[in-house]
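Quick notes on the structure that follows.
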Amino acid sequence: MSNKKKPILPKGMKGFKFKIYWIYAIIFVFFIGLQLIGTEVTEPTNWQEFNQTMLQNGKVEKIVIVNKEKAYVHIKKEVLSEEQFKKVSKKAFGDTPNLGPHYVFEIGSVETFSNNLKDAQIDFDNDEKISPFYETRKDVFGDLLGWILPLAFFIFIWLFIMKRMGGGAGGGGGQIFNIGKTQGKLVDKEDIKITFKDVAGLEGAKEEITEIVDFLKSPEKYTKLGGKIPRGAMLIGPPGTGKTLLAKAVAGEAKVPFFSLSGSDFVEMFVGVGASRVRDLFKQAKEKAPAIIFIDEIDAIGRARGKNSMTGSNDERENTLNQLLTEMDGFGTNSGVIVMGATNRVDVLDKALTRAGRFDRQIFVDLPDLLERKAIFEVHLKPIKLAESMDINFLARQTPGFSGADIANVCNEAALIAARKSKEKVTKQDFLDAVDRIIGGLEKKSKIISPAEKKTIAFHEAGHATVSWMLQYASPLIKVTIVPRGKSLGAAWYLPEERQLTTTQQMLDEICAAMGGRAAEDIFFDKISTGALSDLEKVTKQAYAMVSIYGLSKEVGNISYYDSSGQQSGFTKPYSEQRAQLIDKEVTRILEEQYQRAKDVLIANKEKVEKLGSELLENEVIFKDDLAKIFGDRKWKSYEEEQLIELDKEKEAEDKKVKAKEEKPAKKEIKKEVNDSDS
């Protein structure tokens with residue numbers, strides 16, 4: 001430990017930092033002060049006042065013409081004490097007498113002034129007449145300041161521009177000569193606190209990426225058998241699934257230096273800067289090997305080359321990608337350096353980047369399933385004060401399709417809602433409100449809706465709820481509301497089944513349930529509205545996908561026009577006009593059949609739908625239990641619901657075990673008391 005004591009700053013100056021620029025400001029103020037302190041007081045006047053009050057009264061000692069422009073008037077010492085000369089009798093600072101000049105005025109031209117002065121003294125005696133003195137003066141400080149200030153201004157602008165061009169970084173990275181240096185942030189192994197314990201869910205991705213940790217910890221274990229350490233791993237998945245977090249956990253587990261940067265950090269307006277930064281990045285990583293380089297959003301530089309002909313032959317992004325490809329698998333060796341990339345747009349990446357030998361491992365980080373969502377909730381709920389009755393299985397059940405970032409947002413939003421209501425603990429209802437807020441948006445209770453519109457919305461939502469309840473493969477309802485949220489006038493929450501494959505009947509049931517809203521309007525009001533816009537958009541896309549992508553239409557056949565490579569142009573279609581007409585005809589048939597099917601379901605349960613619509617109008621919100629009271633229990637249970645039942649049973653068994661452990665010590669104490677009483 002060093003014995004250097006930190007300087008004790010006066011009170012109110014904590015955090016004070018001296019900057020070199022202040023020295024220039026102090027010097028400037030010093031020179032300005034020199035000009036002000038000790039200067040004479042010279043009052044401005046004019047020829048008339050000078051002639052009438054000073055010259056004609058014989059109070060002028062001398063006149064000095066400076067640079068043929070100004071006349072400086074000196075007043076006689078014996079009259080300075082008079083009241084009219086009080087302002088100019090002393091200097092600006094202190095009580096020192098002012099020896100002059102005392103007044104100044106512009107003369108116009110020397111000839112005019114000489115003539116005026118001569119005419120004004122025509123009645124004076126020769127002894128009283130005053131002749132002017134002529135002087136030529138140079139303002140050295142003013143002239144110096146005149147050329148120093150513009151020069152200083154241009155130097156300041158130049159330095160500012162150079163700093164901006166260098167990426168705005170401080171120190172060596174902020175100068176123009178270091179613009180080719182990497183912008184990557186080096187995180188030392190001591191600073192990385194995240195490990196695999198902090199990454200909930202993603203079990204498959206963690207298993208696959210654990211090998212990379214083993215490579216970095218003990219590479220000789222693999223190299224002694226002739227194996228080669230993989231050069232890179234690509235994390236692929238939707239936004240918010242934890243790709244960056246997983247990369248940090250790898251660095252934390254391996255205890256190696258971790259270079260973190262974004263793909264956009266390589267892109268610069270100068271030619272060759274991106275390639276230079278790639279070279280510098282790998283140079284630094286080699287010096288600290290074994291190390292990890294993590295490039296987030298790698299699609300910023302890894303796009304397929306040659307797709308954009310408008311950029312010309314010298315595309316800076318392509319040069320950067322070429323340098324990255326060379327560094328990863330070129331003539332040079334990068335032993336001990338593993339590159340990790342993350343992207344949610346793997347379809348646009350260059351094939352040379354994802355081939356074996358560069359990014360050897362492609363690790364898919366998908367949206368979490370039910371069990372993984374439960375594990376993620378357990379991590380994010382640790383810092384939150386929960387009510388005792390909180391069921392994490394229930395929360396996992398209510399958030400299908402949520403990513404890890406979405407779940408973190410739900411937990412935070414629930415805590416904020418509870419705090420807004422001045423609660424001491426976060427309850428189940430707070431989490432439900434948070435899910436509603438994230439999915440549907442903020443409630444707009446102040447929105448003015450007429451009774452007729454409100455009734456249309458209620459029966460529209462009742463139609464959706466009824467059809468989805470009656471069909472086997474439609475997503476079961478959780479909650480329906482006619483309170484406006486976001487852009488929608490009403491909303492319904494469903495619990496979709498998490499499946500990997502979808503059959504024709506499952507897609508048809510989903511389309512039918514989505515058409516239930518418009519069908520209900522047609523049946524109960526004998527007219528339709530624009531409220532089904534989002535439903536029609538959804539079912540149209542689904543129907544076209546069934547026919548032209550998944551090959552689920554008998555008329556069109558087992559044909560798919562889907563282009564997974566992304567190279568197909570949107571201006572040309574890979575099928576003829578006759579085929580296009582057939583596809584349109586099939587889509588229309590599917591939608592009309594499911595619309596009629598939805599109407600049949602609603603007509604068969606018309607009284608129950610009316611009851612459901614009336615309850616919605618009265619309460620504005622209904623839940624799954626309310627539907628069960630009206631329609632009876634749903635006949636079908638999804639595989640996910642069966643899993644949840646098993647989870648609930650496991651939870652009950654765990655609670656019984658905990659309760660039994662708590663009761664055992666109490667029984668022992670009772671026995672001991674009985675024995676003591678016997679003795």
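Order determines the names: the first chain of the structure tokens is A, the second B, and so forth; residues in each chain are numbered 1 upward, and ligands are numbered 1 upward as they are shown.
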All residues 12 Å or closer to region 382-391 of chain A, only C-alpha atoms, same chain fewer than 4 positions away omitted, as a PDB file with C-alpha atoms, in the first residue's frame:
ATOM      1  CA  ASP A 198     -26.379 -16.521 -13.344  1.00  0.00           C
ATOM      2  CA  LYS A 374     -39.603 -20.951 -14.490  1.00  0.00           C
ATOM      3  CA  ALA A 375     -35.821 -21.017 -13.941  1.00  0.00           C
ATOM      4  CA  ILE A 376     -35.471 -17.502 -15.386  1.00  0.00           C
ATOM      5  CA  PHE A 377     -38.227 -16.221 -13.100  1.00  0.00           C
ATOM      6  CA  GLU A 378     -36.420 -17.713 -10.087  1.00  0.00           C
ATOM      7  CA  LEU A 395     -46.006 -16.986 -13.733  1.00  0.00           C
ATOM      8  CA  ALA A 396     -44.190 -19.305 -16.146  1.00  0.00           C
ATOM      9  CA  ARG A 397     -47.573 -20.487 -17.422  1.00  0.00           C
ATOM     10  CA  GLN A 398     -48.756 -16.924 -18.124  1.00  0.00           C
ATOM     11  CA  ALA A 408     -36.882  -9.496 -16.572  1.00  0.00           C
ATOM     12  CA  VAL A 410     -42.207  -8.340 -16.308  1.00  0.00           C
ATOM     13  CA  CYS A 411     -40.544  -8.679 -12.884  1.00  0.00           C
ATOM     14  CA  ASN A 412     -39.394  -5.073 -12.895  1.00  0.00           C
ATOM     15  CA  GLU A 413     -42.760  -3.773 -14.122  1.00  0.00           C
ATOM     16  CA  ALA A 414     -44.594  -5.767 -11.424  1.00  0.00           C
ATOM     17  CA  ALA A 415     -42.373  -4.233  -8.717  1.00  0.00           C
ATOM     18  CA  LEU A 416     -43.045  -0.736 -10.111  1.00  0.00           C
ATOM     19  CA  ALA A 418     -46.763  -2.594  -6.571  1.00  0.00           C
ATOM     20  CA  ALA A 419     -44.719   0.441  -5.482  1.00  0.00           C
ATOM     21  CA  LYS A 423     -47.761  -2.092  -1.331  1.00  0.00           C
ATOM     22  CA  GLU A 424     -45.154  -3.684   0.910  1.00  0.00           C
ATOM     23  CA  LYS A 425     -44.902  -6.849  -1.229  1.00  0.00           C
ATOM     24  CA  VAL A 426     -45.443  -7.741  -4.872  1.00  0.00           C
ATOM     25  CA  THR A 427     -48.548  -9.876  -5.367  1.00  0.00           C
ATOM     26  CA  LYS A 428     -49.890 -12.156  -8.085  1.00  0.00           C
ATOM     27  CA  GLN A 429     -52.176  -9.425  -9.428  1.00  0.00           C
ATOM     28  CA  ASP A 430     -49.213  -7.083  -9.905  1.00  0.00           C
ATOM     29  CA  PHE A 431     -47.558  -9.643 -12.176  1.00  0.00           C
ATOM     30  CA  LEU A 432     -50.780 -10.116 -14.156  1.00  0.00           C
ATOM     31  CA  LEU A 644     -48.099 -27.898 -15.469  1.00  0.00           C
ATOM     32  CA  LEU A 647     -45.294 -29.391 -11.774  1.00  0.00           C
ATOM     33  CA  ASP A 648     -48.092 -28.488  -9.380  1.00  0.00           C
ATOM     34  CA  LYS A 651     -44.652 -28.488  -5.730  1.00  0.00           C
ATOM     35  CA  GLU A 652     -47.292 -29.921  -3.394  1.00  0.00           C
TER      36      GLU A 652
END
* Could you pull the residues within 8 Å of Ser89 (chain A), counting only C-alpha atoms, minus those fewer than 2 positions along the same chain, as a VMD selection string? -> chain A and resid 80 to 81 85 to 87 91 97 to 99 102
* DSSP alpha helix (DSSP H) selection over region 357-491 of chain A, as a ChimeraX atom specification -> /A:370-380,392-397,404-420,428-440,451-470
* Among the residues A:Leu495, A:Ile26, A:Ile63, A:Ala352, the one that comes closest to Gly401 (chain A) [using only C-alpha atoms] ->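 Of all the options, A:Leu495 lies closest to Gly401 (chain A).
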* **Gly341 (chain A) surroundings by only C-alpha atoms, 12 Å radius, close-in-sequence under 4 positions cut, as a PyMOL selection string** => chain A and resi 231-237+243-244+246-248+259-263+292-302+324+345-346+349+353-354+358-364
Go ahead and write the selection's residues with N, CA and C atoms as a compact mmCIF listing (two decimals), in the first residue's frame.
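Below you can see out_20.txt, which holds the result:
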# COMPACT_ATOMS: atom_id res chain seq x y z
N ARG A 231 -12.07 -22.33 -33.57
CA ARG A 231 -11.72 -20.91 -33.71
C ARG A 231 -12.87 -19.99 -33.31
N GLY A 232 -14.09 -20.42 -33.48
CA GLY A 232 -15.19 -19.51 -33.19
C GLY A 232 -16.49 -20.23 -32.90
N ALA A 233 -17.41 -19.50 -32.25
CA ALA A 233 -18.75 -20.01 -31.96
C ALA A 233 -19.74 -18.88 -32.25
N MET A 234 -20.79 -19.21 -32.95
CA MET A 234 -21.80 -18.23 -33.33
C MET A 234 -23.07 -18.48 -32.51
N LEU A 235 -23.49 -17.47 -31.74
CA LEU A 235 -24.72 -17.56 -30.97
C LEU A 235 -25.85 -16.98 -31.81
N ILE A 236 -26.82 -17.80 -32.12
CA ILE A 236 -27.91 -17.41 -33.01
C ILE A 236 -29.23 -17.54 -32.27
N GLY A 237 -30.06 -16.51 -32.35
CA GLY A 237 -31.36 -16.58 -31.70
C GLY A 237 -32.08 -15.25 -31.74
N LYS A 243 -28.00 -13.99 -25.47
CA LYS A 243 -26.77 -14.33 -26.20
C LYS A 243 -25.57 -13.60 -25.60
N THR A 244 -25.71 -12.32 -25.35
CA THR A 244 -24.60 -11.55 -24.77
C THR A 244 -24.30 -12.02 -23.35
N LEU A 246 -24.73 -14.99 -22.17
CA LEU A 246 -24.07 -16.30 -22.27
C LEU A 246 -22.59 -16.13 -22.59
N ALA A 247 -22.27 -15.18 -23.47
CA ALA A 247 -20.86 -14.93 -23.81
C ALA A 247 -20.09 -14.42 -22.59
N LYS A 248 -20.71 -13.55 -21.81
CA LYS A 248 -20.05 -13.05 -20.59
C LYS A 248 -19.83 -14.19 -19.60
N PHE A 259 -12.60 -9.54 -24.79
CA PHE A 259 -12.72 -8.34 -25.62
C PHE A 259 -14.16 -8.24 -26.10
N SER A 260 -14.84 -7.18 -25.73
CA SER A 260 -16.24 -7.02 -26.09
C SER A 260 -16.40 -5.80 -26.99
N LEU A 261 -17.06 -5.97 -28.13
CA LEU A 261 -17.34 -4.86 -29.04
C LEU A 261 -18.49 -5.22 -29.95
N SER A 262 -19.00 -4.21 -30.64
CA SER A 262 -20.13 -4.41 -31.55
C SER A 262 -19.64 -4.42 -32.98
N GLY A 263 -20.42 -5.03 -33.86
CA GLY A 263 -20.05 -5.06 -35.26
C GLY A 263 -19.96 -3.68 -35.88
N ILE A 292 -10.89 -14.33 -25.28
CA ILE A 292 -12.15 -14.43 -26.04
C ILE A 292 -12.42 -13.07 -26.68
N ILE A 293 -12.77 -13.09 -27.96
CA ILE A 293 -13.25 -11.90 -28.66
C ILE A 293 -14.73 -12.09 -28.90
N PHE A 294 -15.54 -11.19 -28.37
CA PHE A 294 -16.99 -11.27 -28.56
C PHE A 294 -17.46 -10.10 -29.41
N ILE A 295 -18.01 -10.41 -30.58
CA ILE A 295 -18.52 -9.39 -31.51
C ILE A 295 -20.04 -9.49 -31.52
N ASP A 296 -20.69 -8.54 -30.87
CA ASP A 296 -22.15 -8.52 -30.82
C ASP A 296 -22.69 -7.92 -32.12
N GLU A 297 -23.86 -8.38 -32.54
CA GLU A 297 -24.48 -7.93 -33.80
C GLU A 297 -23.47 -8.00 -34.94
N ILE A 298 -22.93 -9.19 -35.16
CA ILE A 298 -21.88 -9.37 -36.16
C ILE A 298 -22.41 -9.20 -37.58
N ASP A 299 -23.73 -9.20 -37.75
CA ASP A 299 -24.28 -9.01 -39.09
C ASP A 299 -24.01 -7.61 -39.64
N ALA A 300 -23.57 -6.65 -38.77
CA ALA A 300 -23.23 -5.31 -39.24
C ALA A 300 -22.05 -5.33 -40.21
N ILE A 301 -21.13 -6.30 -40.03
CA ILE A 301 -19.99 -6.42 -40.95
C ILE A 301 -19.97 -7.75 -41.68
N GLY A 302 -20.82 -8.68 -41.26
CA GLY A 302 -20.75 -10.04 -41.82
C GLY A 302 -21.77 -10.33 -42.89
N LEU A 324 -11.46 -9.90 -41.45
CA LEU A 324 -11.91 -10.78 -40.37
C LEU A 324 -11.78 -12.25 -40.77
N ARG A 345 -29.85 -12.43 -37.12
CA ARG A 345 -30.11 -12.43 -38.56
C ARG A 345 -29.07 -13.30 -39.27
N VAL A 346 -29.07 -14.55 -38.95
CA VAL A 346 -28.08 -15.47 -39.52
C VAL A 346 -28.30 -15.65 -41.02
N LEU A 349 -25.87 -13.52 -43.24
CA LEU A 349 -24.43 -13.64 -43.08
C LEU A 349 -23.78 -14.29 -44.29
N LEU A 353 -18.19 -16.87 -43.72
CA LEU A 353 -18.03 -16.57 -42.30
C LEU A 353 -18.50 -17.71 -41.41
N THR A 354 -19.53 -18.40 -41.86
CA THR A 354 -20.13 -19.44 -41.02
C THR A 354 -19.62 -20.84 -41.35
N ARG A 358 -13.92 -21.46 -39.27
CA ARG A 358 -14.05 -20.09 -38.76
C ARG A 358 -15.01 -20.13 -37.57
N PHE A 359 -16.29 -20.06 -37.84
CA PHE A 359 -17.23 -20.27 -36.74
C PHE A 359 -17.65 -21.73 -36.76
N ASP A 360 -16.86 -22.57 -36.06
CA ASP A 360 -17.07 -24.01 -36.09
C ASP A 360 -18.38 -24.41 -35.42
N ARG A 361 -18.75 -23.67 -34.38
CA ARG A 361 -19.95 -24.03 -33.63
C ARG A 361 -21.04 -22.98 -33.89
N GLN A 362 -22.22 -23.44 -34.23
CA GLN A 362 -23.38 -22.56 -34.33
C GLN A 362 -24.36 -22.98 -33.24
N ILE A 363 -24.45 -22.15 -32.23
CA ILE A 363 -25.25 -22.48 -31.04
C ILE A 363 -26.56 -21.70 -31.11
N PHE A 364 -27.66 -22.42 -31.16
CA PHE A 364 -28.97 -21.79 -31.28
C PHE A 364 -29.53 -21.50 -29.89
* Long-range neighbours of region 621-631 of chain A as number ranges by chain, 9 Å cut-off, only C-alpha atoms, 4 positions minimum in chain -> A: 465-466, 469-470, 476-483, 605, 608-609, 611-612, 615-617
Save out the residues we just selected, all heavy atoms, as a short mmCIF file (atom, residue, chain, number, x, y, z; two decimals), in the first residue's frame.
data_model
loop_
_atom_site.label_atom_id
_atom_site.label_comp_id
_atom_site.auth_asym_id
_atom_site.auth_seq_id
_atom_site.Cartn_x
_atom_site.Cartn_y
_atom_site.Cartn_z
N ALA A 465 -63.56 -15.73 -27.85
CA ALA A 465 -63.44 -16.60 -26.68
C ALA A 465 -64.23 -17.89 -26.86
O ALA A 465 -63.76 -18.99 -26.52
CB ALA A 465 -63.92 -15.84 -25.44
N THR A 466 -65.44 -17.79 -27.42
CA THR A 466 -66.30 -18.96 -27.57
C THR A 466 -65.70 -19.97 -28.56
O THR A 466 -65.61 -21.17 -28.26
CB THR A 466 -67.69 -18.53 -28.06
OG1 THR A 466 -68.24 -17.60 -27.12
CG2 THR A 466 -68.61 -19.73 -28.20
N TRP A 469 -62.68 -21.72 -27.27
CA TRP A 469 -63.01 -22.67 -26.19
C TRP A 469 -63.58 -23.97 -26.74
O TRP A 469 -63.37 -25.04 -26.17
CB TRP A 469 -64.02 -22.00 -25.24
CG TRP A 469 -64.22 -22.73 -23.96
CD1 TRP A 469 -65.20 -23.64 -23.66
CD2 TRP A 469 -63.42 -22.63 -22.78
NE1 TRP A 469 -65.07 -24.10 -22.38
CE2 TRP A 469 -63.97 -23.49 -21.81
CE3 TRP A 469 -62.30 -21.89 -22.44
CZ2 TRP A 469 -63.45 -23.63 -20.54
CZ3 TRP A 469 -61.77 -22.03 -21.18
CH2 TRP A 469 -62.32 -22.88 -20.24
N MET A 470 -64.27 -23.86 -27.87
CA MET A 470 -64.96 -25.02 -28.42
C MET A 470 -64.10 -25.86 -29.36
O MET A 470 -64.46 -27.00 -29.66
CB MET A 470 -66.23 -24.57 -29.16
CG MET A 470 -67.28 -23.99 -28.25
SD MET A 470 -67.86 -25.21 -27.06
CE MET A 470 -68.87 -24.20 -26.00
N PRO A 476 -56.32 -22.02 -25.70
CA PRO A 476 -57.32 -21.75 -24.66
C PRO A 476 -57.21 -20.33 -24.12
O PRO A 476 -56.12 -19.77 -24.02
CB PRO A 476 -56.99 -22.78 -23.57
CG PRO A 476 -55.56 -23.12 -23.81
CD PRO A 476 -55.32 -22.99 -25.26
N LEU A 477 -58.34 -19.78 -23.76
CA LEU A 477 -58.41 -18.40 -23.30
C LEU A 477 -57.93 -18.26 -21.86
O LEU A 477 -58.12 -19.16 -21.05
CB LEU A 477 -59.86 -17.91 -23.41
CG LEU A 477 -60.08 -16.45 -23.05
CD1 LEU A 477 -60.01 -15.61 -24.29
CD2 LEU A 477 -61.43 -16.27 -22.38
N ILE A 478 -57.31 -17.13 -21.54
CA ILE A 478 -56.92 -16.80 -20.17
C ILE A 478 -57.77 -15.65 -19.65
O ILE A 478 -58.29 -15.69 -18.55
CB ILE A 478 -55.43 -16.41 -20.09
CG1 ILE A 478 -54.55 -17.59 -20.49
CG2 ILE A 478 -55.07 -15.93 -18.70
CD1 ILE A 478 -53.08 -17.25 -20.54
N LYS A 479 -57.93 -14.62 -20.50
CA LYS A 479 -58.59 -13.40 -20.04
C LYS A 479 -59.09 -12.62 -21.25
O LYS A 479 -58.47 -12.62 -22.31
CB LYS A 479 -57.58 -12.56 -19.24
CG LYS A 479 -58.05 -11.17 -18.87
CD LYS A 479 -56.92 -10.43 -18.17
CE LYS A 479 -57.29 -9.00 -17.90
NZ LYS A 479 -56.20 -8.25 -17.26
N VAL A 480 -60.27 -11.99 -21.11
CA VAL A 480 -60.82 -11.12 -22.14
C VAL A 480 -61.19 -9.80 -21.50
O VAL A 480 -61.75 -9.77 -20.40
CB VAL A 480 -62.07 -11.74 -22.81
CG1 VAL A 480 -62.58 -10.82 -23.91
CG2 VAL A 480 -61.76 -13.09 -23.38
N THR A 481 -60.89 -8.69 -22.18
CA THR A 481 -61.23 -7.37 -21.66
C THR A 481 -61.70 -6.48 -22.80
O THR A 481 -61.26 -6.64 -23.95
CB THR A 481 -60.03 -6.72 -20.95
OG1 THR A 481 -60.40 -5.40 -20.54
CG2 THR A 481 -58.82 -6.63 -21.86
N ILE A 482 -62.61 -5.56 -22.49
CA ILE A 482 -63.04 -4.57 -23.48
C ILE A 482 -62.56 -3.18 -23.08
O ILE A 482 -63.02 -2.19 -23.64
CB ILE A 482 -64.58 -4.59 -23.66
CG1 ILE A 482 -65.28 -4.31 -22.32
CG2 ILE A 482 -65.03 -5.90 -24.27
CD1 ILE A 482 -66.78 -4.13 -22.47
N VAL A 483 -61.63 -3.13 -22.11
CA VAL A 483 -60.99 -1.87 -21.77
C VAL A 483 -59.93 -1.58 -22.83
O VAL A 483 -59.09 -2.43 -23.10
CB VAL A 483 -60.34 -1.94 -20.37
CG1 VAL A 483 -59.61 -0.64 -20.05
CG2 VAL A 483 -61.38 -2.24 -19.31
N ASN A 605 -74.13 -22.16 -30.06
CA ASN A 605 -74.00 -21.74 -28.65
C ASN A 605 -74.45 -20.28 -28.48
O ASN A 605 -73.87 -19.53 -27.70
CB ASN A 605 -72.55 -21.87 -28.20
CG ASN A 605 -72.03 -23.29 -28.27
OD1 ASN A 605 -72.20 -24.08 -27.35
ND2 ASN A 605 -71.39 -23.61 -29.39
N LYS A 608 -75.36 -18.91 -24.93
CA LYS A 608 -74.18 -18.79 -24.06
C LYS A 608 -73.30 -17.61 -24.49
O LYS A 608 -72.71 -16.93 -23.64
CB LYS A 608 -73.39 -20.09 -24.08
CG LYS A 608 -74.15 -21.27 -23.49
CD LYS A 608 -73.34 -22.56 -23.57
CE LYS A 608 -74.11 -23.73 -22.97
NZ LYS A 608 -73.35 -25.00 -23.07
N VAL A 609 -73.20 -17.38 -25.81
CA VAL A 609 -72.42 -16.24 -26.29
C VAL A 609 -73.05 -14.93 -25.83
O VAL A 609 -72.36 -13.98 -25.44
CB VAL A 609 -72.28 -16.28 -27.83
CG1 VAL A 609 -71.50 -15.08 -28.33
CG2 VAL A 609 -71.60 -17.56 -28.27
N LYS A 611 -74.86 -14.49 -23.17
CA LYS A 611 -74.60 -14.36 -21.73
C LYS A 611 -73.17 -13.88 -21.50
O LYS A 611 -72.92 -13.01 -20.65
CB LYS A 611 -74.82 -15.72 -21.05
CG LYS A 611 -74.73 -15.65 -19.53
CD LYS A 611 -75.03 -17.02 -18.92
CE LYS A 611 -74.92 -16.95 -17.40
NZ LYS A 611 -75.18 -18.26 -16.77
N LEU A 612 -72.23 -14.43 -22.26
CA LEU A 612 -70.83 -14.03 -22.13
C LEU A 612 -70.64 -12.56 -22.52
O LEU A 612 -69.94 -11.80 -21.84
CB LEU A 612 -69.95 -14.93 -23.00
CG LEU A 612 -68.44 -14.65 -23.00
CD1 LEU A 612 -67.87 -14.84 -21.60
CD2 LEU A 612 -67.73 -15.58 -23.98
N GLU A 615 -72.01 -10.30 -19.76
CA GLU A 615 -71.08 -10.24 -18.62
C GLU A 615 -69.88 -9.34 -18.94
O GLU A 615 -69.39 -8.61 -18.08
CB GLU A 615 -70.60 -11.64 -18.24
CG GLU A 615 -71.62 -12.44 -17.48
CD GLU A 615 -71.00 -13.65 -16.79
OE1 GLU A 615 -69.75 -13.69 -16.63
OE2 GLU A 615 -71.75 -14.55 -16.40
N LEU A 616 -69.40 -9.39 -20.18
CA LEU A 616 -68.30 -8.53 -20.58
C LEU A 616 -68.70 -7.06 -20.52
O LEU A 616 -67.93 -6.21 -20.07
CB LEU A 616 -67.86 -8.88 -22.01
CG LEU A 616 -66.57 -9.68 -22.16
CD1 LEU A 616 -66.32 -9.99 -23.63
CD2 LEU A 616 -65.38 -8.95 -21.58
N LEU A 617 -69.93 -6.76 -20.97
CA LEU A 617 -70.41 -5.37 -20.92
C LEU A 617 -70.53 -4.88 -19.49
O LEU A 617 -70.25 -3.72 -19.18
CB LEU A 617 -71.77 -5.27 -21.61
CG LEU A 617 -71.75 -5.12 -23.13
CD1 LEU A 617 -73.17 -5.23 -23.69
CD2 LEU A 617 -71.14 -3.79 -23.52
#
* Taking the DSSP assignment computed from this structure's backbone, write out as number ranges by chain all residues of region 429-676 of chain A that belong to strand (DSSP E). => A: 477-481, 491-494, 621-623
* Quick one: residues within 8 Å of Tyr473 (chain A), only C-alpha atoms counted, chain neighbours fewer than 3 positions away excluded, as a ChimeraX atom specification? -> /A:505-506,509-510
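Shortest atom-to-atom contact with Gly613 (chain A) among A:Glu461, A:Asp584, A:Asp123, A:Asp563: A:Glu461, counting only C-alpha atoms.
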* Contact residues around Ile130 (chain A) with only C-alpha atoms at 10 Å, ignoring same-chain residues under 2 positions, as a list in words -> Leu55, Gly58, Val60, Glu61, Lys62, Ile63, Leu117, Lys118, Gln121, Phe124, Asn126, Asp127, Glu128, Pro132 and Phe133 of chain A
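Distances from A:Glu316, A:Glu607, A:Asp535, A:Glu650 to Cys512 (chain A) were compared using only C-alpha atoms, and the smallest one belongs to A:Asp535.
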* Give the answer as one residue: which of A:Leu533, A:Ile229, A:Ala356, A:Ile194 has the shortest atom-to-atom distance to Lys255 (chain A), using only C-alpha atoms? => A:Ile194
